[in-house]
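Worksheet for the structure shown next.
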Amino acid sequence: MGDRAPAPSRILVIDDEPGNVRLLERFLTDAGYHDVQSTTDPRQALALYQTFQPDLILLDLMMPYLDGVAVIQTLAIPENVYLPVLVLTADVTLEARQRALAAGAKDFLTKPFDRLEVLLRIKNLLDTRRLYLELDRHNRSLEQTVEERTQQFLRSEKLATMGSLLAGVAHELNNPLAVLMGQTHLMREVVQDGALRARADQISAAAERCARIVRNFLALARQQPPERHRLVLNEVVREAVELLAYELRTDNVEVVLDLAEGLPILWGDAHQLHQVVVNLVANAHQAMRGSTVRRIRLATRFDRERTRVRLEIADTGPGIPPDIQAKIFEPFFTTKPPGHGTGLGLSLCQGIVEEHGGTITVVSGAGAGAVFHIEFPLPAPAPPGPPTPAAGAPVSSALPPIGAKAILVVDDEVEIAGVLAEALERLGHHVEVASGGGRALELLTQRAYDLVISDTKMPGVDGVALYGEIARRFPVLRERVVFLTGDVLDPEKRAFIERTGAPFLTKPFDVQEVRRVVHQVLARDAPSAPRQ
Ligand SMILES: Nc1ncnc2c1ncn2[C@@H]1O[C@H](COP(=O)(O)OP(=O)(O)OP(=O)(O)O)[C@@H](O)[C@H]1O
Ligand SMILES: [Mg+2]
């Protein structure tokens with residue numbers, strides 16, 4: 001063995017002969033073991049063992065009061081602790097060795113000692129102990145990892161089960177929600193009385209919130225991989241903010257958009273990213289309820305060096321205390337009272353962002369608001385084609401006059417059709433309603449329409465079949481169909497709609513959004529519908 005200083009190890013020497021003790025101490029100190037304690041009274045062994053907590057015990061076998069074997073028994077070293085006892089003995093009888101071994105000794109040294117042999121045994125035993133401890137540490141961290149993963153798995157299992165149960169309920173809520181949102185919107189437009197308007201606003205905000213909960217649950221339950229297209233992040237941000245604009249304005253929240261020009265195109269699911277922005281803005285809005293300054297700043301940037309597109313959402317709310325920052329992304333973690341938060345928003349955001357290969361983090365100092373940072377990697381090889389806009393292609397929010405048009409609304413839900421009809425009639429259009437695809441085809445043969453807005457899921461002739469017939473029999477209308485879809489759109493239907501290039505709106509829809517999309521389609525440079 002070399003003269004290198006061994007790792008600091010504590011060694012306890014128990015021998016009734018002071019000469020032996022001194023000799024061993026010298027060997028040990030010379031070899032660099034400085035943390036050594038010793039006793040010549042075996043009755044002190046237990047107390048020393050407990051206070052000193054040695055890594056190795058050198059133990060004489062033949063001692064008065066307590067012999068070595070008795071000492072080992074008193075120490076009662078637990079079996080799962082590798083604490084080596086090296087027995088020092090002049091008694092070389094087989095019987096003595098067997099007794100020591102049976103009591104738990106790990107090795108023997110015969111007196112008189114050979115220095116090299118003593119040090120070699122000591123080193124080997126300490127090395128073994130060190131390896132044992134490392135292994136033990138490793139095992140523990142593995143156990144901990146397994147435990148954490150199991151918990152994660154159970155959480156996601158719980159989420160999946162709960163999610164699919166709730167998804168069914170949530171889905172059923174979408175139609176009544178669409179009616180509620182639509183009717184309140186229409187009411188707000190005509191009501192003059194300020195107090196009534198305020199009531200309408202409250203109903204509207206509550207309905208929006210329900211819609212958001214439903215969307216979150218459905219998204220979690222489905223946990224679909226993103227449906228990727230080329231997209232422009234700024235557009236997603238603008239649309240999401242527009243969706244919440246009314247709620248924010250009525251609550252005196254200032255929205256600052258600081259969107260960088262010429263951001264590279266991303267490859268992602270616009271609907272999912274839209275949800276991320278909506279959830280983060282909703283959180284910021286909720287957090288600022290008690291703040292005097294209420295401002296949300298959404299900034300996009302291109303990080304050229306790291307080839308990432310960044311989105312930052314900052315608010316002037318109270319911020320997030322450091323001790324809960326690590327928890328806010330966990331599903332069901334919420335600080336909101338029951339009925340005000342499900343705790344799913346951020347976990348959903350994180351899921352979506354990570355599915356896109358991105359990261360989401362939060363920075364928040366006490367009282368200084370919260371800033372959520374999102375980063376997306378750029379797509380590796382640029383996929384071909386133009387950016388695909390989110391539902392409802394980007395349109396300007398101010399609707400230039402377009403003149404009265406004839407619109408056919410097709411939906412088997414009478415109340416939904418009613419809301420749509422009224423919303424469009426108020427813009428001066430002439431609207432007729434068909435309760436199904438079959439009736440729609442009848443009406444289409446009777447007069448000319450400039451646009452058809454149709455549900456996709458209807459008994460009998462559904463939206464897909466209706467589109468097929470329209471394309472065949474009224475080709476001029478082919479480019480003038482807007483679909484309304486439920487939230488659970490099977491992939492085939494979605495692919496079909498995407499192939500048609502027709503815009504589609506998801507229920508529950510926002511009335512203003514419906515108007516924008518309709519307007520945009522009507523404003524297209526198409527030949528006006530021939531009158532039949
Ligand atoms: N901008 C913010 N400022 C302060 N706290 C925030 C902010 N965003 C999130 N939080 C904290 O993180 C928690 C979790 O947010 P998350 O969006 O996951 O759930 P929630 O908003 O409570 O409920 P849900 O979104 O399901 O309605 C919130 O309850 C809140 O304590
Ligand atoms: Mg939330």
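By convention in this document, the chains of the structure tokens carry letters A, B, ... by their order, each chain's residues are numbered from 1, and ligands are numbered from 1 in the order they are shown.
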>> If you run DSSP on the backbone here, which positions in stretch 75-314 of chain A get alpha helix (DSSP H)? Please write them as a ChimeraX atom specification.
In response: /A:75,94-103,115-190,194-222,233-250,270-287
Test item: residues lying within 7 Å of ligand 2 with only C-alpha atoms and all ligand atoms, as a PDB file with all heavy atoms, in the first residue's frame:
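The result, written out as result08.pdb:
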ATOM      1  N   ASN A 279     -54.864  29.821 -20.824  1.00  0.00           N
ATOM      2  CA  ASN A 279     -54.727  29.449 -19.414  1.00  0.00           C
ATOM      3  C   ASN A 279     -53.795  30.384 -18.660  1.00  0.00           C
ATOM      4  O   ASN A 279     -54.070  30.755 -17.518  1.00  0.00           O
ATOM      5  CB  ASN A 279     -54.220  28.009 -19.284  1.00  0.00           C
ATOM      6  CG  ASN A 279     -55.368  27.032 -19.168  1.00  0.00           C
ATOM      7  OD1 ASN A 279     -56.086  27.016 -18.180  1.00  0.00           O
ATOM      8  ND2 ASN A 279     -55.559  26.232 -20.200  1.00  0.00           N
ATOM      9  N   LEU A 280     -52.689  30.769 -19.297  1.00  0.00           N
ATOM     10  CA  LEU A 280     -51.735  31.635 -18.604  1.00  0.00           C
ATOM     11  C   LEU A 280     -52.319  33.036 -18.414  1.00  0.00           C
ATOM     12  O   LEU A 280     -52.152  33.652 -17.359  1.00  0.00           O
ATOM     13  CB  LEU A 280     -50.411  31.698 -19.373  1.00  0.00           C
ATOM     14  CG  LEU A 280     -49.630  30.379 -19.381  1.00  0.00           C
ATOM     15  CD1 LEU A 280     -48.404  30.486 -20.259  1.00  0.00           C
ATOM     16  CD2 LEU A 280     -49.242  29.976 -17.975  1.00  0.00           C
ATOM     17  N   ALA A 282     -55.512  33.705 -18.264  1.00  0.00           N
ATOM     18  CA  ALA A 282     -56.589  33.584 -17.269  1.00  0.00           C
ATOM     19  C   ALA A 282     -56.001  33.562 -15.861  1.00  0.00           C
ATOM     20  O   ALA A 282     -56.533  34.207 -14.946  1.00  0.00           O
ATOM     21  CB  ALA A 282     -57.410  32.325 -17.527  1.00  0.00           C
ATOM     22  N   ASN A 283     -54.906  32.840 -15.670  1.00  0.00           N
ATOM     23  CA  ASN A 283     -54.260  32.804 -14.354  1.00  0.00           C
ATOM     24  C   ASN A 283     -53.806  34.203 -13.936  1.00  0.00           C
ATOM     25  O   ASN A 283     -54.011  34.619 -12.792  1.00  0.00           O
ATOM     26  CB  ASN A 283     -53.026  31.898 -14.379  1.00  0.00           C
ATOM     27  CG  ASN A 283     -53.396  30.438 -14.204  1.00  0.00           C
ATOM     28  OD1 ASN A 283     -54.520  30.111 -13.864  1.00  0.00           O
ATOM     29  ND2 ASN A 283     -52.430  29.565 -14.442  1.00  0.00           N
ATOM     30  N   GLY A 341     -60.936  26.990  -8.852  1.00  0.00           N
ATOM     31  CA  GLY A 341     -59.791  26.467  -9.602  1.00  0.00           C
ATOM     32  C   GLY A 341     -59.733  24.965  -9.472  1.00  0.00           C
ATOM     33  O   GLY A 341     -59.997  24.418  -8.408  1.00  0.00           O
ATOM     34  N   GLY A 343     -56.922  23.433 -10.632  1.00  0.00           N
ATOM     35  CA  GLY A 343     -55.494  23.122 -10.527  1.00  0.00           C
ATOM     36  C   GLY A 343     -54.966  22.375 -11.736  1.00  0.00           C
ATOM     37  O   GLY A 343     -53.910  21.759 -11.688  1.00  0.00           O
ATOM     38  N   LEU A 344     -55.710  22.445 -12.835  1.00  0.00           N
ATOM     39  CA  LEU A 344     -55.277  21.689 -14.015  1.00  0.00           C
ATOM     40  C   LEU A 344     -54.605  22.572 -15.060  1.00  0.00           C
ATOM     41  O   LEU A 344     -53.881  22.086 -15.923  1.00  0.00           O
ATOM     42  CB  LEU A 344     -56.474  20.997 -14.660  1.00  0.00           C
ATOM     43  CG  LEU A 344     -57.042  19.842 -13.842  1.00  0.00           C
ATOM     44  CD1 LEU A 344     -58.242  19.253 -14.545  1.00  0.00           C
ATOM     45  CD2 LEU A 344     -55.990  18.779 -13.620  1.00  0.00           C
ATOM     46  N   GLY A 345     -54.855  23.894 -14.979  1.00  0.00           N
ATOM     47  CA  GLY A 345     -54.383  24.788 -16.035  1.00  0.00           C
ATOM     48  C   GLY A 345     -52.904  24.636 -16.347  1.00  0.00           C
ATOM     49  O   GLY A 345     -52.533  24.345 -17.487  1.00  0.00           O
ATOM     50  N   LEU A 346     -52.082  24.799 -15.334  1.00  0.00           N
ATOM     51  CA  LEU A 346     -50.636  24.799 -15.600  1.00  0.00           C
ATOM     52  C   LEU A 346     -50.111  23.413 -15.942  1.00  0.00           C
ATOM     53  O   LEU A 346     -49.170  23.284 -16.721  1.00  0.00           O
ATOM     54  CB  LEU A 346     -49.880  25.369 -14.395  1.00  0.00           C
ATOM     55  CG  LEU A 346     -50.001  26.879 -14.232  1.00  0.00           C
ATOM     56  CD1 LEU A 346     -49.261  27.332 -12.993  1.00  0.00           C
ATOM     57  CD2 LEU A 346     -49.451  27.594 -15.452  1.00  0.00           C
TER      58      LEU A 346
END
>> Neighbours of ligand 1 at 6 Å or closer, counting only C-alpha atoms and all ligand atoms: which residues, as a VMD selection string?
In response: chain A and resid 283 to 284 287 317 319 to 320 328 to 329 333 to 336 341 to 347 370
> Between A:Phe483, A:Trp267, A:Tyr132, A:Phe496, which has the minimum distance to A:Val81 (counting only C-alpha atoms)?
Replying inline: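 Going through A:Phe483, A:Trp267, A:Tyr132, A:Phe496 one by one, the smallest distance to A:Val81 is for A:Tyr132.
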>> What's around stretch 321-327 of chain A at 9 Å? Count only C-alpha atoms, leave out sequence neighbours fewer than 5 positions away in its own chain, and write the answer as number ranges by chain.
In response: A: 333-334, 362-367
Please save C-alpha atoms of the selected residues as an mmCIF file, in the first residue's frame.
data_model
loop_
_atom_site.group_PDB
_atom_site.id
_atom_site.type_symbol
_atom_site.label_atom_id
_atom_site.label_comp_id
_atom_site.auth_asym_id
_atom_site.auth_seq_id
_atom_site.Cartn_x
_atom_site.Cartn_y
_atom_site.Cartn_z
ATOM 1 C CA PHE A 333 -52.489 21.864 -7.296
ATOM 2 C CA THR A 334 -54.425 25.041 -6.683
ATOM 3 C CA VAL A 362 -41.785 30.647 -13.932
ATOM 4 C CA VAL A 363 -39.877 33.508 -12.367
ATOM 5 C CA SER A 364 -41.512 35.390 -9.556
ATOM 6 C CA GLY A 365 -40.243 37.547 -6.753
ATOM 7 C CA ALA A 366 -42.499 38.318 -3.825
ATOM 8 C CA GLY A 367 -44.907 41.104 -4.749
#
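Between atom CA of A:Ala211 and atom CA of A:Asn174 the separation is 7.3 Å.
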>> Residues within 12 Å of A:Leu28, please, as JSON, numbers by chain. Count only C-alpha atoms; anything in the same chain fewer than 2 positions from it doesn't count.
In response: {"A": [3, 5, 6, 8, 9, 10, 11, 12, 13, 21, 22, 23, 24, 25, 26, 30, 31, 32, 33, 34, 35, 36, 37, 38, 58, 115, 116, 118, 119, 120, 121, 122, 123]}
Keeping only N, CA and C atoms, write those residues as an mmCIF file, in the first residue's frame.
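Contents of result.cif, freshly written:
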data_model
loop_
_atom_site.group_PDB
_atom_site.id
_atom_site.type_symbol
_atom_site.label_atom_id
_atom_site.label_comp_id
_atom_site.auth_asym_id
_atom_site.auth_seq_id
_atom_site.Cartn_x
_atom_site.Cartn_y
_atom_site.Cartn_z
ATOM 1 N N ASP A 3 1.665 5.560 0.219
ATOM 2 C CA ASP A 3 1.615 6.461 1.354
ATOM 3 C C ASP A 3 0.506 7.496 1.209
ATOM 4 N N ALA A 5 -2.798 9.444 1.574
ATOM 5 C CA ALA A 5 -3.694 9.529 2.730
ATOM 6 C C ALA A 5 -5.022 8.870 2.380
ATOM 7 N N PRO A 6 -5.411 7.883 3.177
ATOM 8 C CA PRO A 6 -6.692 7.244 2.886
ATOM 9 C C PRO A 6 -7.855 8.187 3.230
ATOM 10 N N PRO A 8 -10.794 9.846 5.088
ATOM 11 C CA PRO A 8 -10.915 9.933 6.544
ATOM 12 C C PRO A 8 -11.902 8.888 7.060
ATOM 13 N N SER A 9 -11.399 7.966 7.827
ATOM 14 C CA SER A 9 -12.258 6.924 8.381
ATOM 15 C C SER A 9 -12.071 6.904 9.878
ATOM 16 N N ARG A 10 -13.155 6.608 10.590
ATOM 17 C CA ARG A 10 -13.057 6.534 12.053
ATOM 18 C C ARG A 10 -12.811 5.089 12.453
ATOM 19 N N ILE A 11 -11.737 4.916 13.303
ATOM 20 C CA ILE A 11 -11.391 3.558 13.717
ATOM 21 C C ILE A 11 -11.408 3.473 15.248
ATOM 22 N N LEU A 12 -12.082 2.467 15.747
ATOM 23 C CA LEU A 12 -12.169 2.269 17.194
ATOM 24 C C LEU A 12 -11.336 1.047 17.579
ATOM 25 N N VAL A 13 -10.430 1.242 18.543
ATOM 26 C CA VAL A 13 -9.576 0.135 18.985
ATOM 27 C C VAL A 13 -9.989 -0.280 20.401
ATOM 28 N N VAL A 21 -2.509 -1.281 22.248
ATOM 29 C CA VAL A 21 -3.259 -0.118 21.800
ATOM 30 C C VAL A 21 -2.307 0.934 21.238
ATOM 31 N N ARG A 22 -1.225 1.196 22.001
ATOM 32 C CA ARG A 22 -0.267 2.221 21.541
ATOM 33 C C ARG A 22 0.349 1.835 20.203
ATOM 34 N N LEU A 23 0.699 0.557 20.081
ATOM 35 C CA LEU A 23 1.322 0.087 18.829
ATOM 36 C C LEU A 23 0.374 0.285 17.637
ATOM 37 N N LEU A 24 -0.870 -0.137 17.857
ATOM 38 C CA LEU A 24 -1.850 -0.007 16.767
ATOM 39 C C LEU A 24 -2.075 1.462 16.409
ATOM 40 N N GLU A 25 -2.159 2.297 17.469
ATOM 41 C CA GLU A 25 -2.369 3.722 17.209
ATOM 42 C C GLU A 25 -1.237 4.291 16.362
ATOM 43 N N ARG A 26 -0.021 3.825 16.662
ATOM 44 C CA ARG A 26 1.114 4.353 15.900
ATOM 45 C C ARG A 26 1.034 3.907 14.433
ATOM 46 N N ASP A 30 0.670 6.647 11.489
ATOM 47 C CA ASP A 30 1.703 6.687 10.447
ATOM 48 C C ASP A 30 1.092 6.463 9.063
ATOM 49 N N ALA A 31 0.056 5.643 9.025
ATOM 50 C CA ALA A 31 -0.545 5.339 7.714
ATOM 51 C C ALA A 31 -1.576 6.393 7.321
ATOM 52 N N GLY A 32 -1.751 7.437 8.165
ATOM 53 C CA GLY A 32 -2.638 8.529 7.766
ATOM 54 C C GLY A 32 -4.044 8.425 8.334
ATOM 55 N N TYR A 33 -4.284 7.427 9.196
ATOM 56 C CA TYR A 33 -5.607 7.372 9.841
ATOM 57 C C TYR A 33 -5.536 8.195 11.116
ATOM 58 N N HIS A 34 -6.131 9.402 11.080
ATOM 59 C CA HIS A 34 -5.993 10.281 12.241
ATOM 60 C C HIS A 34 -7.192 10.268 13.157
ATOM 61 N N ASP A 35 -8.282 9.683 12.667
ATOM 62 C CA ASP A 35 -9.496 9.710 13.479
ATOM 63 C C ASP A 35 -9.624 8.362 14.197
ATOM 64 N N VAL A 36 -8.849 8.225 15.261
ATOM 65 C CA VAL A 36 -8.796 6.941 15.961
ATOM 66 C C VAL A 36 -9.146 7.157 17.427
ATOM 67 N N GLN A 37 -9.984 6.310 17.968
ATOM 68 C CA GLN A 37 -10.222 6.346 19.420
ATOM 69 C C GLN A 37 -9.995 4.936 19.953
ATOM 70 N N SER A 38 -9.592 4.874 21.225
ATOM 71 C CA SER A 38 -9.304 3.539 21.749
ATOM 72 C C SER A 38 -9.681 3.454 23.224
ATOM 73 N N LEU A 58 -11.337 -2.455 15.747
ATOM 74 C CA LEU A 58 -10.283 -3.430 15.987
ATOM 75 C C LEU A 58 -10.514 -3.954 17.399
ATOM 76 N N ARG A 115 3.017 -5.155 10.653
ATOM 77 C CA ARG A 115 2.483 -3.832 10.329
ATOM 78 C C ARG A 115 1.762 -3.820 8.980
ATOM 79 N N LEU A 116 2.466 -4.381 7.976
ATOM 80 C CA LEU A 116 1.878 -4.349 6.638
ATOM 81 C C LEU A 116 0.555 -5.097 6.585
ATOM 82 N N VAL A 118 -1.487 -5.698 9.081
ATOM 83 C CA VAL A 118 -2.531 -4.942 9.783
ATOM 84 C C VAL A 118 -3.136 -3.883 8.858
ATOM 85 N N LEU A 119 -2.230 -3.105 8.248
ATOM 86 C CA LEU A 119 -2.724 -1.996 7.412
ATOM 87 C C LEU A 119 -3.477 -2.498 6.188
ATOM 88 N N LEU A 120 -2.992 -3.598 5.620
ATOM 89 C CA LEU A 120 -3.659 -4.144 4.440
ATOM 90 C C LEU A 120 -5.092 -4.589 4.781
ATOM 91 N N ARG A 121 -5.206 -5.332 5.909
ATOM 92 C CA ARG A 121 -6.555 -5.780 6.308
ATOM 93 C C ARG A 121 -7.478 -4.578 6.540
ATOM 94 N N ILE A 122 -6.907 -3.597 7.250
ATOM 95 C CA ILE A 122 -7.713 -2.415 7.565
ATOM 96 C C ILE A 122 -8.184 -1.733 6.283
ATOM 97 N N LYS A 123 -7.229 -1.577 5.367
ATOM 98 C CA LYS A 123 -7.589 -0.898 4.126
ATOM 99 C C LYS A 123 -8.672 -1.688 3.384
#
> Looking only at the backbone, which of the residues in stretch 109-286 of chain A does DSSP tag as strand (DSSP E or B), as a PyMOL selection string?
Replying inline: chain A and resi 109-110+229-231+254-259+266-268
Those residues you just picked out, can you put them in a file as a PDB file, in the first residue's frame with C-alpha atoms?
ATOM      1  CA  LEU A 109      -5.246 -10.690  12.861  1.00  0.00           C
ATOM      2  CA  THR A 110      -2.893 -12.781  14.882  1.00  0.00           C
ATOM      3  CA  HIS A 229     -48.842  22.401 -38.693  1.00  0.00           C
ATOM      4  CA  ARG A 230     -46.805  25.401 -39.583  1.00  0.00           C
ATOM      5  CA  LEU A 231     -47.860  28.237 -37.339  1.00  0.00           C
ATOM      6  CA  GLU A 254     -54.430  46.405 -19.575  1.00  0.00           C
ATOM      7  CA  VAL A 255     -52.966  44.035 -22.142  1.00  0.00           C
ATOM      8  CA  VAL A 256     -49.620  44.925 -23.656  1.00  0.00           C
ATOM      9  CA  LEU A 257     -48.608  42.995 -26.741  1.00  0.00           C
ATOM     10  CA  ASP A 258     -44.916  43.177 -27.500  1.00  0.00           C
ATOM     11  CA  LEU A 259     -44.694  40.776 -30.412  1.00  0.00           C
ATOM     12  CA  LEU A 266     -43.100  27.011 -35.695  1.00  0.00           C
ATOM     13  CA  TRP A 267     -44.259  23.469 -36.174  1.00  0.00           C
ATOM     14  CA  GLY A 268     -47.018  22.833 -33.695  1.00  0.00           C
TER      15      GLY A 268
END
